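> Got a file for you: run-v9.cif, mmCIF, C-alpha atoms and all ligand atoms.
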data_input
loop_
_atom_site.label_atom_id
_atom_site.label_comp_id
_atom_site.auth_asym_id
_atom_site.auth_seq_id
_atom_site.Cartn_x
_atom_site.Cartn_y
_atom_site.Cartn_z
CA MET A 969 6.29 -28.21 20.58
CA GLN A 970 4.00 -25.78 22.25
CA ALA A 971 6.49 -24.56 24.77
CA HIS A 972 7.05 -21.26 22.97
CA ASP A 973 3.43 -20.43 22.71
CA GLU A 974 2.61 -20.75 26.33
CA PHE A 975 2.82 -17.89 28.72
CA GLY A 976 0.78 -18.72 31.75
CA PRO A 977 0.22 -16.30 34.59
CA GLY A 978 3.60 -15.20 35.81
CA GLY A 979 5.17 -17.42 33.22
CA ILE A 980 7.47 -16.75 30.33
CA ARG A 981 7.26 -13.30 28.80
CA PRO A 982 5.82 -13.37 25.32
CA VAL A 983 8.15 -12.88 22.43
CA PRO A 984 7.12 -9.88 20.37
CA PRO A 985 6.22 -10.53 16.77
CA GLN A 986 9.11 -9.83 14.47
CA ARG A 987 8.99 -7.45 11.52
CA ASP A 988 10.22 -9.04 8.35
CA VAL A 989 12.65 -6.46 7.09
CA VAL A 990 13.35 -8.27 3.86
CA GLY A 991 9.73 -8.83 3.05
CA GLY A 992 8.98 -5.15 3.25
CA TYR A 993 5.99 -4.13 1.29
CA GLY A 994 3.34 -6.75 1.70
CA GLU A 995 1.05 -8.22 -0.83
CA ASP A 996 -2.09 -6.66 0.32
CA THR A 997 -3.88 -5.93 -2.89
CA GLY A 998 -6.67 -4.03 -1.25
CA SER A 999 -8.96 -6.01 -3.47
CA GLU A 1000 -11.64 -6.17 -0.82
CA GLU A 1001 -12.02 -2.47 -1.32
CA ALA A 1002 -15.41 -1.49 -2.56
CA GLY A 1003 -15.77 0.11 -5.96
CA PRO A 1004 -15.32 3.81 -6.57
CA LEU A 1005 -17.30 5.95 -4.27
CA VAL A 1006 -19.79 7.88 -6.29
CA ARG A 1007 -21.35 10.76 -4.53
CA PRO A 1008 -23.04 13.58 -6.31
CA TYR A 1009 -21.01 16.60 -5.42
CA VAL A 1010 -23.31 18.94 -7.19
CA ILE A 1011 -21.57 22.04 -5.96
CA ALA A 1012 -18.40 21.21 -7.82
CA GLN A 1013 -20.08 20.16 -11.02
CA GLY A 1014 -19.27 21.85 -14.24
CA ARG A 1015 -16.15 23.41 -12.86
CA ASP A 1016 -13.14 23.24 -15.03
CA HIS A 1017 -10.56 21.17 -13.24
CA ALA A 1018 -7.93 22.25 -15.72
CA ASP A 1019 -7.56 25.66 -14.15
CA THR A 1020 -7.47 24.27 -10.65
CA VAL A 1021 -4.73 26.00 -8.75
CA GLN A 1022 -2.23 23.66 -7.14
CA LEU A 1023 -3.52 23.37 -3.64
CA ASP A 1024 -2.36 21.08 -0.90
CA MET A 1025 -4.34 19.80 2.04
CA ILE A 1026 -2.28 22.10 4.22
CA SER A 1027 -2.19 25.11 1.93
CA VAL A 1028 -3.24 27.96 4.18
CA VAL A 1029 -5.96 30.23 2.89
CA ILE A 1030 -7.11 33.67 3.88
CA ALA A 1031 -9.86 35.83 2.44
CA ALA A 1032 -8.63 38.90 0.61
CA LYS A 1033 -9.58 41.92 2.65
CA ARG A 1034 -10.05 44.52 -0.03
CA ALA A 1035 -11.87 42.31 -2.46
CA GLU A 1036 -15.35 43.18 -3.68
CA VAL A 1037 -17.48 40.08 -3.38
CA ASP A 1038 -20.36 39.65 -5.78
CA GLU A 1039 -22.39 37.18 -3.83
CA MET A 1040 -24.55 36.30 -6.79
CA GLU A 1041 -21.58 34.89 -8.64
CA LEU A 1042 -20.50 32.54 -5.92
CA GLU A 1043 -21.73 29.28 -4.52
CA PRO A 1044 -23.05 29.44 -0.96
CA GLU A 1045 -20.17 27.17 0.05
CA GLN A 1046 -17.72 29.68 -1.35
CA LEU A 1047 -19.25 32.43 0.71
CA ARG A 1048 -18.85 30.25 3.76
CA ILE A 1049 -15.23 29.66 2.85
CA LEU A 1050 -14.65 33.40 2.67
CA GLU A 1051 -16.33 33.82 6.01
CA LEU A 1052 -14.27 31.09 7.67
CA CYS A 1053 -11.09 32.43 6.10
CA ARG A 1054 -11.11 35.75 7.85
CA LYS A 1055 -8.55 33.89 9.89
CA PRO A 1056 -5.99 31.78 8.09
CA LEU A 1057 -7.21 28.19 7.73
CA SER A 1058 -5.87 25.18 5.90
CA VAL A 1059 -7.73 23.38 3.14
CA ALA A 1060 -8.10 20.43 5.54
CA GLU A 1061 -9.70 22.64 8.18
CA LEU A 1062 -12.11 24.10 5.64
CA SER A 1063 -13.01 20.60 4.54
CA ALA A 1064 -13.69 19.58 8.13
CA HIS A 1065 -15.69 22.68 9.04
CA LEU A 1066 -17.81 22.56 5.89
CA ASP A 1067 -18.02 18.79 5.85
CA ILE A 1068 -17.01 18.75 2.21
CA PRO A 1069 -14.24 16.47 0.90
CA VAL A 1070 -10.84 18.02 0.38
CA ALA A 1071 -10.99 17.58 -3.38
CA VAL A 1072 -14.20 19.60 -3.61
CA VAL A 1073 -12.87 22.32 -1.33
CA LYS A 1074 -9.90 22.63 -3.65
CA VAL A 1075 -12.15 23.22 -6.64
CA LEU A 1076 -14.23 25.83 -4.85
CA LEU A 1077 -11.10 27.52 -3.58
CA SER A 1078 -9.35 27.59 -6.93
CA ASP A 1079 -12.20 29.63 -8.24
CA LEU A 1080 -11.95 32.05 -5.31
CA LEU A 1081 -8.21 32.38 -5.85
CA ASN A 1082 -8.66 33.00 -9.55
CA ARG A 1083 -11.14 35.73 -8.75
CA GLY A 1084 -8.70 37.31 -6.34
CA LEU A 1085 -11.06 36.83 -3.45
CA ALA A 1086 -8.72 34.70 -1.41
CA LEU A 1087 -5.02 34.14 -1.01
CA ALA A 1088 -3.29 30.82 -0.44
CA ARG A 1089 0.10 30.01 0.88
CA ALA A 1090 1.80 26.81 -0.22
CA PRO A 1091 2.99 24.49 2.54
CA TYR A 1092 6.44 24.75 3.92
CA GLN A 1093 8.42 22.31 1.85
CA ALA A 1094 10.17 19.96 4.21
CA LYS A 1095 11.82 18.30 1.24
CA SER A 1096 14.30 21.07 0.80
CA PRO A 1097 16.43 20.92 3.94
CA VAL A 1098 14.51 22.41 6.81
CA SER A 1099 16.32 25.37 8.23
CA ARG A 1100 17.62 25.29 11.78
CA ASP A 1101 15.56 28.36 12.57
CA VAL A 1102 12.34 26.67 11.54
CA LEU A 1103 13.16 23.53 13.51
CA GLN A 1104 14.02 25.62 16.55
CA ALA A 1105 10.78 27.53 16.21
CA VAL A 1106 8.87 24.25 16.04
CA LEU A 1107 10.65 22.94 19.13
CA ASP A 1108 9.89 26.16 21.01
CA GLY A 1109 6.28 26.07 19.89
CA ILE A 1110 5.81 22.48 21.09
CA GLN A 1111 7.59 23.23 24.34
CA ARG A 1112 5.15 26.06 25.01
CA LEU A 1113 2.12 23.78 24.82
CA MET B 834 -1.31 46.44 22.54
CA ALA B 835 -1.94 48.33 19.33
CA SER B 836 0.13 46.89 16.55
CA LYS B 837 2.13 49.09 14.25
CA ASP B 838 0.47 47.98 11.07
CA SER B 839 -3.13 48.29 12.09
CA ASP B 840 -4.21 49.47 8.66
CA PRO B 841 -7.54 47.66 8.48
CA GLY B 842 -7.17 47.16 4.76
CA ALA B 843 -3.76 45.56 4.90
CA GLU B 844 -3.59 41.90 4.02
CA ALA B 845 -2.82 39.79 7.05
CA PRO B 846 0.29 37.66 6.70
CA VAL B 847 -0.58 34.13 5.68
CA PRO B 848 1.34 31.53 7.66
CA SER B 849 2.77 28.53 5.93
CA ALA B 850 2.10 25.07 7.23
CA LEU B 851 4.13 22.05 8.13
CA LYS B 852 2.83 18.58 8.78
CA ILE B 853 3.72 15.59 10.84
CA LEU B 854 2.08 12.23 10.29
CA VAL B 855 0.89 9.99 13.08
CA ALA B 856 0.62 6.44 11.83
CA GLY B 857 -0.33 3.25 13.56
CA GLY B 858 -2.73 0.36 13.56
CA PHE B 859 -6.44 0.47 14.20
CA GLY B 860 -7.13 1.81 17.68
CA ALA B 861 -3.44 2.38 18.43
CA GLY B 862 -4.09 5.84 19.83
CA LYS B 863 -3.45 8.09 16.82
CA THR B 864 -6.42 10.38 17.35
CA THR B 865 -5.78 10.44 21.08
CA LEU B 866 -2.20 11.56 20.60
CA VAL B 867 -3.20 14.21 18.07
CA GLY B 868 -5.88 15.47 20.44
CA ALA B 869 -3.50 15.58 23.39
CA VAL B 870 -1.30 18.22 21.78
CA SER B 871 -3.67 19.96 19.39
CA GLU B 872 -5.01 23.43 20.17
CA ILE B 873 -8.31 22.47 18.52
CA ALA B 874 -10.36 19.34 19.09
CA PRO B 875 -9.23 16.90 16.40
CA LEU B 876 -11.05 17.53 13.14
CA ARG B 877 -11.95 14.99 10.54
CA THR B 878 -11.62 15.38 6.84
CA GLU B 879 -12.29 13.09 3.96
CA GLU B 880 -9.97 12.78 1.07
CA VAL B 881 -10.90 10.82 -2.00
CA MET B 882 -7.66 9.28 -3.09
CA THR B 883 -6.81 7.60 -6.30
CA GLU B 884 -5.22 4.27 -5.74
CA ALA B 885 -2.76 3.75 -8.52
CA SER B 886 -0.25 0.98 -8.83
CA TYR B 887 2.77 3.21 -8.28
CA GLY B 888 4.75 2.63 -5.16
CA VAL B 889 3.45 -0.85 -4.74
CA ASP B 890 6.15 -2.99 -6.22
CA ASP B 891 4.10 -6.13 -6.17
CA LEU B 892 1.36 -4.70 -8.28
CA SER B 893 3.44 -3.81 -11.31
CA GLY B 894 1.35 -4.36 -14.36
CA VAL B 895 -1.84 -3.47 -12.64
CA GLU B 896 -3.07 -0.39 -14.36
CA SER B 897 -6.54 0.02 -13.10
CA LYS B 898 -7.10 2.76 -10.63
CA SER B 899 -9.72 2.94 -8.00
CA THR B 900 -10.69 5.60 -5.57
CA THR B 901 -10.99 5.17 -1.87
CA THR B 902 -12.35 7.61 0.62
CA VAL B 903 -10.02 7.95 3.52
CA ALA B 904 -10.91 9.70 6.74
CA LEU B 905 -8.11 11.59 8.38
CA ASP B 906 -8.12 13.04 11.85
CA PHE B 907 -5.95 16.03 12.37
CA GLY B 908 -5.00 18.67 14.87
CA ARG B 909 -3.22 21.97 14.80
CA ILE B 910 -0.43 23.67 16.72
CA THR B 911 0.24 27.32 15.96
CA ILE B 912 3.99 27.73 16.18
CA ASN B 913 4.12 31.47 15.54
CA GLU B 914 2.48 34.00 13.25
CA SER B 915 4.23 32.60 10.22
CA LEU B 916 4.18 28.88 10.92
CA VAL B 917 1.44 26.36 11.69
CA LEU B 918 1.99 22.70 12.38
CA TYR B 919 -0.63 20.12 11.48
CA LEU B 920 -0.67 16.59 12.81
CA PHE B 921 -2.43 14.00 10.67
CA GLY B 922 -3.50 10.66 12.04
CA THR B 923 -3.35 8.14 9.21
CA PRO B 924 -4.61 4.59 9.05
CA GLY B 925 -1.91 2.00 9.41
CA GLN B 926 -2.98 -0.83 7.19
CA GLU B 927 -0.87 -1.78 4.23
CA ARG B 928 -3.67 -1.03 1.86
CA PHE B 929 -3.26 2.63 2.67
CA TRP B 930 0.28 2.83 1.36
CA PHE B 931 -0.87 4.63 -1.72
CA MET B 932 -2.22 7.31 0.55
CA TRP B 933 0.96 7.70 2.54
CA GLU B 934 2.74 8.42 -0.73
CA GLU B 935 0.62 11.47 -1.05
CA LEU B 936 0.55 12.37 2.61
CA SER B 937 4.23 11.97 3.29
CA GLU B 938 5.02 14.38 0.48
CA GLY B 939 6.62 17.36 2.17
CA ALA B 940 6.07 15.98 5.68
CA LEU B 941 8.52 17.02 8.34
CA GLY B 942 8.47 13.56 9.83
CA ALA B 943 6.29 10.83 11.26
CA ILE B 944 5.34 9.26 14.55
CA VAL B 945 4.65 5.54 14.39
CA ILE B 946 2.52 4.41 17.29
CA ALA B 947 3.32 0.89 18.32
CA ASP B 948 0.48 -0.76 20.16
CA THR B 949 2.14 -3.48 22.20
CA ARG B 950 -1.04 -5.54 22.20
CA ARG B 951 -0.69 -5.87 18.43
CA LEU B 952 2.82 -4.87 17.59
CA GLU B 953 2.61 -6.18 14.04
CA THR B 954 0.04 -3.52 13.13
CA CYS B 955 2.81 -0.95 12.93
CA PHE B 956 5.17 -2.93 10.74
CA ALA B 957 3.76 -1.53 7.54
CA ALA B 958 4.23 2.05 8.66
CA VAL B 959 7.81 1.40 9.74
CA ASP B 960 8.52 -0.21 6.38
CA PHE B 961 7.08 2.73 4.55
CA PHE B 962 8.85 5.56 6.36
CA GLU B 963 12.11 3.67 6.39
CA ARG B 964 12.00 3.21 2.64
CA ARG B 965 10.85 6.70 1.96
CA GLY B 966 13.56 8.20 4.10
CA VAL B 967 10.97 10.09 6.13
CA PRO B 968 12.43 10.78 9.59
CA PHE B 969 10.35 8.96 12.20
CA VAL B 970 10.19 7.91 15.81
CA VAL B 971 8.39 4.96 17.34
CA ALA B 972 6.07 5.78 20.22
CA VAL B 973 5.18 2.73 22.28
CA ASN B 974 1.69 3.36 23.58
CA CYS B 975 1.16 1.99 27.05
CA PHE B 976 -2.28 0.55 27.54
CA GLU B 977 -3.20 -0.67 30.98
CA GLY B 978 -3.33 -4.36 31.36
CA ALA B 979 -1.58 -4.94 28.08
CA HIS B 980 1.71 -6.66 28.16
CA LEU B 981 4.40 -4.07 27.98
CA TYR B 982 7.55 -4.72 26.07
CA GLU B 983 10.66 -2.82 26.94
CA PRO B 984 11.65 -0.20 24.36
CA ASP B 985 14.64 -2.35 23.49
CA GLU B 986 12.42 -5.32 22.82
CA VAL B 987 10.30 -3.18 20.52
CA ARG B 988 13.41 -1.89 18.79
CA GLU B 989 14.56 -5.44 18.31
CA ALA B 990 11.21 -6.67 17.09
CA LEU B 991 11.00 -3.85 14.56
CA SER B 992 14.63 -4.28 13.50
CA LEU B 993 15.08 -0.55 13.83
CA ASN B 994 18.26 1.24 12.96
CA PRO B 995 20.00 2.35 16.15
CA GLU B 996 19.40 6.03 15.41
CA ILE B 997 15.63 5.67 15.35
CA PRO B 998 14.31 6.77 18.75
CA VAL B 999 11.85 4.52 20.60
CA VAL B 1000 9.90 6.25 23.34
CA LEU B 1001 7.25 5.03 25.72
CA CYS B 1002 4.16 7.18 25.82
CA ASP B 1003 0.68 7.56 27.13
CA ALA B 1004 -1.12 9.16 24.24
CA ARG B 1005 -3.73 10.63 26.57
CA GLN B 1006 -1.22 12.76 28.44
CA ARG B 1007 -0.25 16.03 26.86
CA ASP B 1008 3.21 16.00 28.41
CA SER B 1009 3.84 12.51 27.19
CA ALA B 1010 2.65 13.31 23.67
CA LYS B 1011 4.74 16.49 23.74
CA GLN B 1012 7.83 14.44 24.51
CA VAL B 1013 7.13 12.24 21.51
CA LEU B 1014 6.84 15.30 19.28
CA LEU B 1015 10.00 16.86 20.66
CA THR B 1016 11.86 13.60 20.14
CA LEU B 1017 10.71 13.57 16.54
CA VAL B 1018 11.70 17.16 15.80
CA ASN B 1019 15.10 16.56 17.37
CA ARG B 1020 15.43 13.49 15.20
CA VAL B 1021 14.57 15.58 12.15
CA ALA B 1022 17.26 18.07 13.19
CA GLU B 1023 19.78 15.23 13.43
CA SER B 1024 18.91 13.85 10.05
CA VAL B 1025 19.18 17.31 8.51
CA ASN B 1026 22.67 17.64 9.91
CA ALA B 1027 23.71 14.16 8.90
N1 LIG C 1201 -4.80 3.30 28.45
C1 LIG C 1201 -4.60 3.99 27.35
N2 LIG C 1201 -5.61 4.10 26.45
C2 LIG C 1201 -5.39 4.78 25.33
C3 LIG C 1201 -4.14 5.36 25.02
N3 LIG C 1201 -4.21 5.95 23.79
C4 LIG C 1201 -5.46 5.73 23.38
N4 LIG C 1201 -6.18 5.05 24.28
C5 LIG C 1201 -7.58 4.64 24.13
O1 LIG C 1201 -7.65 3.71 23.06
C6 LIG C 1201 -8.80 3.92 22.25
C7 LIG C 1201 -8.43 4.14 20.81
O2 LIG C 1201 -7.69 5.35 20.67
P1 LIG C 1201 -7.78 6.25 19.36
O3 LIG C 1201 -6.95 7.45 19.62
O4 LIG C 1201 -9.16 6.44 18.93
O5 LIG C 1201 -7.03 5.31 18.33
P2 LIG C 1201 -6.86 5.54 16.76
O6 LIG C 1201 -5.51 5.01 16.43
O7 LIG C 1201 -7.15 6.93 16.39
O8 LIG C 1201 -7.97 4.57 16.21
P3 LIG C 1201 -8.58 4.48 14.72
O9 LIG C 1201 -8.58 5.86 14.16
O10 LIG C 1201 -9.94 3.92 14.93
O11 LIG C 1201 -7.69 3.55 13.99
C8 LIG C 1201 -9.52 5.10 22.88
O12 LIG C 1201 -10.56 4.60 23.68
C9 LIG C 1201 -8.46 5.78 23.73
O13 LIG C 1201 -9.02 6.42 24.85
C10 LIG C 1201 -3.09 5.22 26.00
O14 LIG C 1201 -1.97 5.70 25.81
N5 LIG C 1201 -3.38 4.52 27.11
MG MG C 1202 -8.47 7.69 14.93
#
Starting from the file, give its structure as structure tokens.
Ligand SMILES: Nc1nc2c(ncn2[C@@H]2O[C@H](COP(=O)(O)OP(=O)(O)OP(=O)(O)O)[C@@H](O)[C@H]2O)c(=O)[nH]1
Ligand SMILES: [Mg+2]

Amino acid sequence: MQAHDEFGPGGIRPVPPQRDVVGGYGEDTGSEEAGPLVRPYVIAQGRDHADTVQLDMISVVIAAKRAEVDEMELEPEQLRILELCRKPLSVAELSAHLDIPVAVVKVLLSDLLNRGLALARAPYQAKSPVSRDVLQAVLDGIQRL
Amino acid sequence: MASKDSDPGAEAPVPSALKILVAGGFGAGKTTLVGAVSEIAPLRTEEVMTEASYGVDDLSGVESKSTTTVALDFGRITINESLVLYLFGTPGQERFWFMWEELSEGALGAIVIADTRRLETCFAAVDFFERRGVPFVVAVNCFEGAHLYEPDEVREALSLNPEIPVVLCDARQRDSAKQVLLTLVNRVAESVNA
């Protein structure tokens, strides 16, 4: 009865666990998850989410070069974003560097975009068939590492 | 050295980004693999995600939403001046499916890290990418001292379609991680042609 469960030293090789293809999605309800995380993100308060520009975690942002920045009108975090974005950076990178959640970065950025102080580039959409050229470029880029 | 368009006022071209997901169970080597190929030390970001019932067949009828903060590790590979590739390590547990919905949107493909010490921890990720039609490869991470299954045994255990590549890797080695990435991009190329 136990024969299959025993693999002594140098004994029978263990049988790998088997994925249940039919079962598929499990029944993990995630119910042990704690309640909503409530953290006072003061810097994003009072912003109108309705005019939030569609931004993705990997939208790439760069500060507009010619823009006149009125520092008094911006949050300190927005000034930092503009500083960091002298080089193109993704929303995720900004979030990591500023230690601010992605959602809050998006709100701060939307405002900067609306003011014309920054530019954002939407992610490459892999949904539409990826062109050969792009795939080749990616292969070359990885090869160069 | 001087570039033609050195007008200091000109707007620099903004590259567009692509992403690849690296999924796998707790401690499977996701962050290690990302770090092995990334040009920056892996960064960490927090995304507050809304957990809705969509995409989870079994929860139909459940309408309440909750939010979960998910930490993601990611790295970056600059492909050229117009393209940047991001690699996102994502938690492998089933309860993060809702998050993969969002993350896999627009993803080029995925790497599922199979930790042979706990092979079952990658089942959920395989299920997900298979169903979503996201091109993926399985990277079997080789930990010392852990029993090592042959790639074919892993393929069998995961009931993988024959076209899904299974590669052995050591996530700590850049060359090894590179091979995994190359295998994935080639797989993406195949599935585009198919
Ligand atoms: N021997 C060996 N050790 C590895 C390998 N990959 C990762 N490790 C080690 O395993 C541990 C966990 O690796 P991580 O990269 O942090 O795993 P992870 O999947 O990001 O873990 P979580 O994010 O906590 O789920 C680290 O101590 C790594 O050094 C490998 O290929 N071989
Ligand atoms: Mg990790």
> Quick one, how far is atom O11 of ligand LIG 1201 (chain C) from atom CA of Ala874 of chain B?
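Calculated distance between atom O11 of ligand LIG 1201 (chain C) and atom CA of Ala874 of chain B is 16.8 Å.
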> List all protein, DNA and RNA residues that have at least one atom no more than 6 Å from any atom of ligand LIG 1201 (chain C), counting all atoms listed in the file, and write them as a CSV table (one decimal) with C-alpha atoms, keeping the file's coordinate frame.

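selection-v9.csv, written as the output of this step:
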chain,number,residue,atom,x,y,z
B,858,GLY,CA,-2.7,0.4,13.6
B,859,PHE,CA,-6.4,0.5,14.2
B,860,GLY,CA,-7.1,1.8,17.7
B,861,ALA,CA,-3.4,2.4,18.4
B,862,GLY,CA,-4.1,5.8,19.8
B,863,LYS,CA,-3.4,8.1,16.8
B,864,THR,CA,-6.4,10.4,17.4
B,865,THR,CA,-5.8,10.4,21.1
B,924,PRO,CA,-4.6,4.6,9.0
B,974,ASN,CA,1.7,3.4,23.6
B,975,CYS,CA,1.2,2.0,27.0
B,976,PHE,CA,-2.3,0.6,27.5
B,977,GLU,CA,-3.2,-0.7,31.0
B,1003,ASP,CA,0.7,7.6,27.1
B,1004,ALA,CA,-1.1,9.2,24.2
B,1005,ARG,CA,-3.7,10.6,26.6
> Between atom CA of Ala972 of chain B and atom CA of Arg1020 of chain B, measure the distance and give it in Å to one decimal.
13.1 Å
> Could you check how far atom CA of Gln986 of chain A sits from atom CA of Phe956 of chain B, in Å to one decimal?
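Between atom CA of Gln986 of chain A and atom CA of Phe956 of chain B the gap is 8.8 Å.
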> Within 6 Å of chain A, which residues of chain B show up when using only C-alpha atoms, listed as a CSV table (one decimal) with C-alpha atoms, keeping the file's coordinate frame?

chain,number,residue,atom,x,y,z
B,849,SER,CA,2.8,28.5,5.9
B,850,ALA,CA,2.1,25.1,7.2
B,851,LEU,CA,4.1,22.0,8.1
B,877,ARG,CA,-12.0,15.0,10.5
B,878,THR,CA,-11.6,15.4,6.8
B,879,GLU,CA,-12.3,13.1,4.0
B,880,GLU,CA,-10.0,12.8,1.1
B,899,SER,CA,-9.7,2.9,-8.0
B,900,THR,CA,-10.7,5.6,-5.6
B,912,ILE,CA,4.0,27.7,16.2
B,928,ARG,CA,-3.7,-1.0,1.9
B,939,GLY,CA,6.6,17.4,2.2
B,940,ALA,CA,6.1,16.0,5.7
B,941,LEU,CA,8.5,17.0,8.3
B,956,PHE,CA,5.2,-2.9,10.7
B,960,ASP,CA,8.5,-0.2,6.4
B,990,ALA,CA,11.2,-6.7,17.1
B,991,LEU,CA,11.0,-3.8,14.6
> Counting all atoms listed in the file, figure out which residue out of B:Leu918, B:Leu905, B:Ile873, B:Val970 gets nearest to ligand MG 1202 (chain C).
B:Leu905
> Return the single residue from B:Ser915, B:Thr923, B:Asn994, B:Thr954 that is closest to Val867 of chain B, with distances computed using only C-alpha atoms.
B:Thr923
> At a cut-off of 10 Å around the point (-15.4, 31.2, -10.9) (file coordinates), what residues fall inside when counting all atoms listed in the file? I'd like the answer as number ranges by chain.
A: 1015-1016, 1041-1043, 1046, 1075-1083
> Given the choices B:Leu936, B:Val1021, B:Leu993, B:Ile946, which gets closest to ligand MG 1202 (chain C) if the distance is worked out from only C-alpha atoms and all ligand atoms?
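Distance minimum relative to ligand MG 1202 (chain C) lands on B:Ile946.
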> Extract, using all atoms listed in the file, all DNA, RNA and protein residues at most 8 Å from Arg1007 of chain B, discarding same-chain residues fewer than 2 positions from it, and format them as a list in words.
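Here the qualifying residues turn out to be Leu866, Ala869, Val870, Ala1004, Arg1005, Ser1009, Ala1010 and Lys1011 of chain B.
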